[in-house]
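Here the structure comes first, spelled out in structure tokens, and everything after it is commentary.
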Amino acid sequence: MAQKSERNQEASVYIGNLDDRVTDELIWELMVQAGPVVNVHLPKDRVTQSTQGYGFCEFQSAEDADYAVKIMNMVKLYGKPMRVNKSANDRRLMDVGAKLFIGNLDPDVDEKLLFDTFAAFGPVVQNPKIARDAASGNSKGFAFVAYATFESADAAIEAMNGQYLANKPVSVNYAFKKDAKGERHGSAAERLLAAQARKNDPASLGSISASGGGDWRT
């Protein structure tokens, strides 16, 4: 199961949010249910030799990797939902800016419920991220969801703002940009850039839309 120098990106998946007890062998046994596995690699700390919470799995074909994303994403290992996404070569198209802020969350709402709820409106490019207290792990009452397109984000806002999740009505709006004072995502400029990127490389965006990726910078 040693890492190969050349990994087939199209047939590989990224696996994140892993508990430190997860081993290469466990991931291999789990992922082989989706298709023939070629290689599993969980990077380890050089000093402690403990895993770093993420890894990669290479399958024999891209179809196997796509299937693994569909059936393995959000599966819980040691109580933590795994993030399983395709290892895309070009991540710039993933971060189109269609990022939502979900507020007034009930404490019982978890990442899987958010994913199941908001994925109904379009491809989610990363698992929902609930802000949690570092010490207790309890929800702080808000989360972020990122879509592959603004159309999906618009639909989610229209349908979900003010709707009940668990026992509380949630507020759904575009998230504030990280480095802009009071400016939210979803601007005309962002939409124009996203449309241009889709026009230039529609196949790449389609692959990303179906499989996920990106990061949580808001």
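By convention here, the chains of the structure tokens are called A, B, ... in the order presented, each chain's residues are numbered starting at 1, and ligands are numbered starting at 1 in the order presented.
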
Can you list, as a PyMOL selection string, every residue of range 139-194 of chain A that DSSP puts in alpha helix (DSSP H)? chain A and resi 150-160+188-194

Would you save the residues from that selection as a PDB file, in the first residue's frame, using C-alpha atoms?
ATOM      1  CA  PHE A 150     -24.780  30.474  -8.216  1.00  0.00           C
ATOM      2  CA  GLU A 151     -28.009  29.061  -9.620  1.00  0.00           C
ATOM      3  CA  SER A 152     -27.929  26.332  -6.970  1.00  0.00           C
ATOM      4  CA  ALA A 153     -27.098  28.818  -4.221  1.00  0.00           C
ATOM      5  CA  ASP A 154     -29.921  31.140  -5.307  1.00  0.00           C
ATOM      6  CA  ALA A 155     -32.382  28.245  -5.257  1.00  0.00           C
ATOM      7  CA  ALA A 156     -31.267  27.220  -1.771  1.00  0.00           C
ATOM      8  CA  ILE A 157     -31.710  30.753  -0.411  1.00  0.00           C
ATOM      9  CA  GLU A 158     -35.175  31.076  -1.940  1.00  0.00           C
ATOM     10  CA  ALA A 159     -36.343  27.704  -0.644  1.00  0.00           C
ATOM     11  CA  MET A 160     -34.631  27.449   2.746  1.00  0.00           C
ATOM     12  CA  ALA A 188     -22.396  40.473 -10.246  1.00  0.00           C
ATOM     13  CA  ALA A 189     -18.618  40.379 -10.698  1.00  0.00           C
ATOM     14  CA  GLU A 190     -18.336  36.911  -9.166  1.00  0.00           C
ATOM     15  CA  ARG A 191     -21.201  35.642 -11.286  1.00  0.00           C
ATOM     16  CA  LEU A 192     -19.560  37.019 -14.415  1.00  0.00           C
ATOM     17  CA  LEU A 193     -16.251  35.333 -13.588  1.00  0.00           C
ATOM     18  CA  ALA A 194     -18.000  32.030 -12.858  1.00  0.00           C
TER      19      ALA A 194
END

Skipping near chain neighbours, those fewer than 2 positions away, what residues fall within 6 Å of Glu10 in chain A using only C-alpha atoms, listed as a list of chain:residue names? A:Asn8, A:Ser12, A:Ala62

Residue set, range 60-206 of chain A restricted to strand (DSSP E or B), as a short mmCIF file (atom, residue, chain, number, x, y, z; two decimals) with N, CA and C atoms, in the first residue's frame:
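Final output, selection-v5.cif:
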data_model
loop_
_atom_site.label_atom_id
_atom_site.label_comp_id
_atom_site.auth_asym_id
_atom_site.auth_seq_id
_atom_site.Cartn_x
_atom_site.Cartn_y
_atom_site.Cartn_z
N LYS A 76 -19.63 7.71 8.30
CA LYS A 76 -18.93 8.00 9.55
C LYS A 76 -17.95 6.90 9.94
N LEU A 77 -16.74 7.31 10.30
CA LEU A 77 -15.72 6.42 10.86
C LEU A 77 -15.36 6.96 12.23
N LYS A 80 -17.02 10.30 12.97
CA LYS A 80 -16.75 11.49 12.16
C LYS A 80 -17.10 11.22 10.70
N PRO A 81 -17.91 12.10 10.07
CA PRO A 81 -18.27 11.90 8.66
C PRO A 81 -17.09 12.19 7.74
N ARG A 83 -15.06 13.15 4.39
CA ARG A 83 -15.23 13.95 3.18
C ARG A 83 -14.54 13.18 2.06
N VAL A 84 -15.31 12.78 1.07
CA VAL A 84 -14.75 12.04 -0.05
C VAL A 84 -15.05 12.81 -1.33
N ASN A 85 -14.00 13.32 -1.96
CA ASN A 85 -14.13 14.12 -3.18
C ASN A 85 -13.11 13.65 -4.20
N LYS A 86 -13.37 13.95 -5.48
CA LYS A 86 -12.38 13.64 -6.50
C LYS A 86 -11.16 14.53 -6.32
N LYS A 99 -21.12 30.72 -2.01
CA LYS A 99 -21.01 30.24 -0.64
C LYS A 99 -22.09 30.85 0.24
N LEU A 100 -22.75 30.01 0.99
CA LEU A 100 -23.87 30.46 1.82
C LEU A 100 -23.53 30.40 3.30
N PHE A 101 -24.12 31.33 4.04
CA PHE A 101 -24.06 31.33 5.50
C PHE A 101 -25.41 30.84 6.01
N ILE A 102 -25.37 29.81 6.84
CA ILE A 102 -26.59 29.24 7.43
C ILE A 102 -26.58 29.58 8.91
N GLY A 103 -27.52 30.41 9.35
CA GLY A 103 -27.54 30.85 10.74
C GLY A 103 -28.72 30.29 11.52
N VAL A 124 -22.97 20.34 -4.25
CA VAL A 124 -22.23 20.99 -3.17
C VAL A 124 -20.76 20.63 -3.34
N LYS A 129 -19.76 23.03 6.53
CA LYS A 129 -18.85 23.24 7.65
C LYS A 129 -19.59 23.96 8.77
N ILE A 130 -19.86 23.24 9.86
CA ILE A 130 -20.51 23.83 11.02
C ILE A 130 -19.42 24.40 11.94
N ALA A 131 -19.58 25.65 12.34
CA ALA A 131 -18.64 26.25 13.28
C ALA A 131 -18.86 25.59 14.65
N ARG A 132 -17.79 25.07 15.21
CA ARG A 132 -17.89 24.35 16.48
C ARG A 132 -16.88 24.88 17.50
N SER A 139 -21.87 22.83 18.44
CA SER A 139 -22.15 23.79 17.38
C SER A 139 -22.29 25.20 17.93
N LYS A 140 -21.76 26.17 17.19
CA LYS A 140 -21.91 27.57 17.56
C LYS A 140 -23.18 28.19 16.95
N GLY A 141 -23.94 27.37 16.23
CA GLY A 141 -25.22 27.85 15.70
C GLY A 141 -25.18 28.39 14.29
N PHE A 142 -24.05 28.20 13.58
CA PHE A 142 -24.01 28.64 12.19
C PHE A 142 -23.08 27.74 11.39
N ALA A 143 -23.23 27.79 10.07
CA ALA A 143 -22.45 26.91 9.20
C ALA A 143 -22.31 27.55 7.83
N PHE A 144 -21.47 26.93 7.00
CA PHE A 144 -21.26 27.40 5.63
C PHE A 144 -21.48 26.25 4.65
N VAL A 145 -22.09 26.58 3.51
CA VAL A 145 -22.31 25.62 2.44
C VAL A 145 -21.86 26.27 1.14
N ALA A 146 -21.08 25.56 0.33
CA ALA A 146 -20.59 26.10 -0.94
C ALA A 146 -21.09 25.25 -2.10
N TYR A 147 -21.61 25.93 -3.10
CA TYR A 147 -22.13 25.26 -4.29
C TYR A 147 -21.21 25.43 -5.48
N TYR A 164 -37.69 25.59 8.75
CA TYR A 164 -37.24 24.91 9.96
C TYR A 164 -36.31 23.75 9.63
N LEU A 165 -35.19 23.69 10.36
CA LEU A 165 -34.31 22.52 10.37
C LEU A 165 -34.24 22.08 11.82
N LYS A 168 -35.66 24.79 14.73
CA LYS A 168 -35.46 26.23 14.62
C LYS A 168 -35.48 26.67 13.16
N PRO A 169 -36.05 27.87 12.87
CA PRO A 169 -36.02 28.39 11.50
C PRO A 169 -34.62 28.92 11.19
N SER A 171 -31.66 30.93 8.96
CA SER A 171 -31.46 32.05 8.05
C SER A 171 -30.42 31.63 7.02
N VAL A 172 -30.72 31.88 5.76
CA VAL A 172 -29.83 31.46 4.67
C VAL A 172 -29.55 32.66 3.78
N ASN A 173 -28.27 32.99 3.63
CA ASN A 173 -27.87 34.12 2.80
C ASN A 173 -26.46 33.88 2.30
N TYR A 174 -26.02 34.70 1.35
CA TYR A 174 -24.64 34.58 0.91
C TYR A 174 -23.70 34.96 2.04
N PHE A 176 -20.34 36.41 3.93
CA PHE A 176 -19.48 37.57 3.74
C PHE A 176 -18.12 37.11 3.21
N ARG A 184 -20.73 40.69 0.54
CA ARG A 184 -21.10 39.28 0.50
C ARG A 184 -20.73 38.65 -0.84
#

Calculate how many Å separate CA of Val96 in chain A from CA of Ala119 in chain A, rounding to one decimal.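 Going from CA of Val96 in chain A over to CA of Ala119 in chain A covers 16.7 Å.
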
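Comparing the minimum interatomic distances between Asp106 in chain A and each of A:Asn73, A:Glu25, A:Asn138, A:Ser50, counting only C-alpha atoms, we find that A:Asn138 sits nearest.
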
What's the 12 Å shell around Val75 in chain A, counting only C-alpha atoms, without same-chain residues fewer than 5 positions away, as a PyMOL selection string? chain A and resi 15-18+27+30-31+68-70+80-84+111-112+115+127

Prev. selection, N, CA and C atoms, output as an mmCIF file, in the first residue's frame:
data_model
loop_
_atom_site.group_PDB
_atom_site.id
_atom_site.type_symbol
_atom_site.label_atom_id
_atom_site.label_comp_id
_atom_site.auth_asym_id
_atom_site.auth_seq_id
_atom_site.Cartn_x
_atom_site.Cartn_y
_atom_site.Cartn_z
ATOM 1 N N ILE A 15 -9.767 11.943 0.704
ATOM 2 C CA ILE A 15 -10.562 11.550 1.862
ATOM 3 C C ILE A 15 -10.137 12.423 3.036
ATOM 4 N N GLY A 16 -11.070 13.212 3.551
ATOM 5 C CA GLY A 16 -10.754 14.128 4.637
ATOM 6 C C GLY A 16 -11.611 13.913 5.869
ATOM 7 N N ASN A 17 -11.298 14.698 6.917
ATOM 8 C CA ASN A 17 -12.004 14.648 8.201
ATOM 9 C C ASN A 17 -11.904 13.273 8.849
ATOM 10 N N LEU A 18 -10.720 12.685 8.772
ATOM 11 C CA LEU A 18 -10.521 11.344 9.318
ATOM 12 C C LEU A 18 -10.091 11.392 10.776
ATOM 13 N N ILE A 27 -9.134 2.067 5.438
ATOM 14 C CA ILE A 27 -9.593 2.789 4.250
ATOM 15 C C ILE A 27 -9.623 1.850 3.044
ATOM 16 N N LEU A 30 -12.606 -0.394 3.257
ATOM 17 C CA LEU A 30 -13.840 0.353 3.021
ATOM 18 C C LEU A 30 -13.994 0.700 1.545
ATOM 19 N N MET A 31 -12.951 1.227 0.940
ATOM 20 C CA MET A 31 -13.035 1.719 -0.428
ATOM 21 C C MET A 31 -13.136 0.601 -1.464
ATOM 22 N N ALA A 68 -17.238 5.824 -5.692
ATOM 23 C CA ALA A 68 -16.816 5.930 -4.290
ATOM 24 C C ALA A 68 -17.280 7.254 -3.687
ATOM 25 N N VAL A 69 -17.198 8.331 -4.464
ATOM 26 C CA VAL A 69 -17.664 9.634 -3.981
ATOM 27 C C VAL A 69 -19.148 9.565 -3.650
ATOM 28 N N LYS A 70 -19.920 8.931 -4.518
ATOM 29 C CA LYS A 70 -21.368 8.869 -4.335
ATOM 30 C C LYS A 70 -21.761 8.077 -3.096
ATOM 31 N N LYS A 80 -17.023 10.296 12.971
ATOM 32 C CA LYS A 80 -16.754 11.488 12.163
ATOM 33 C C LYS A 80 -17.099 11.216 10.697
ATOM 34 N N PRO A 81 -17.915 12.101 10.070
ATOM 35 C CA PRO A 81 -18.266 11.895 8.661
ATOM 36 C C PRO A 81 -17.088 12.190 7.743
ATOM 37 N N MET A 82 -16.724 11.221 6.919
ATOM 38 C CA MET A 82 -15.625 11.411 5.979
ATOM 39 C C MET A 82 -16.026 12.384 4.874
ATOM 40 N N ARG A 83 -15.063 13.152 4.394
ATOM 41 C CA ARG A 83 -15.227 13.949 3.184
ATOM 42 C C ARG A 83 -14.540 13.182 2.058
ATOM 43 N N VAL A 84 -15.313 12.784 1.075
ATOM 44 C CA VAL A 84 -14.754 12.037 -0.050
ATOM 45 C C VAL A 84 -15.052 12.809 -1.327
ATOM 46 N N GLU A 111 -23.542 17.843 10.208
ATOM 47 C CA GLU A 111 -23.081 18.052 8.840
ATOM 48 C C GLU A 111 -23.869 17.214 7.839
ATOM 49 N N LYS A 112 -24.213 15.996 8.220
ATOM 50 C CA LYS A 112 -24.940 15.126 7.290
ATOM 51 C C LYS A 112 -26.329 15.681 6.986
ATOM 52 N N PHE A 115 -25.891 18.548 4.633
ATOM 53 C CA PHE A 115 -25.543 18.065 3.293
ATOM 54 C C PHE A 115 -26.776 17.510 2.594
ATOM 55 N N ASN A 127 -18.211 19.422 1.843
ATOM 56 C CA ASN A 127 -19.181 19.151 2.896
ATOM 57 C C ASN A 127 -19.488 20.420 3.677
#

Restricting the calculation to only C-alpha atoms, which member of A:Pro43, A:Gly97, A:Gly182, A:Pro128 is positioned closest to Val109 in chain A?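 Among the listed residues, the smallest separation from Val109 in chain A belongs to A:Pro128.
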
For Thr51 in chain A, work out the shell of residues within 9 Å, counting only C-alpha atoms and skipping chain neighbours fewer than 4 positions away, then give it as a list in words. Leu18, Asp19, Asp20, Arg21, Val22, Thr23, Leu42, Pro43, Lys44, Asp45 and Gly55 of chain A
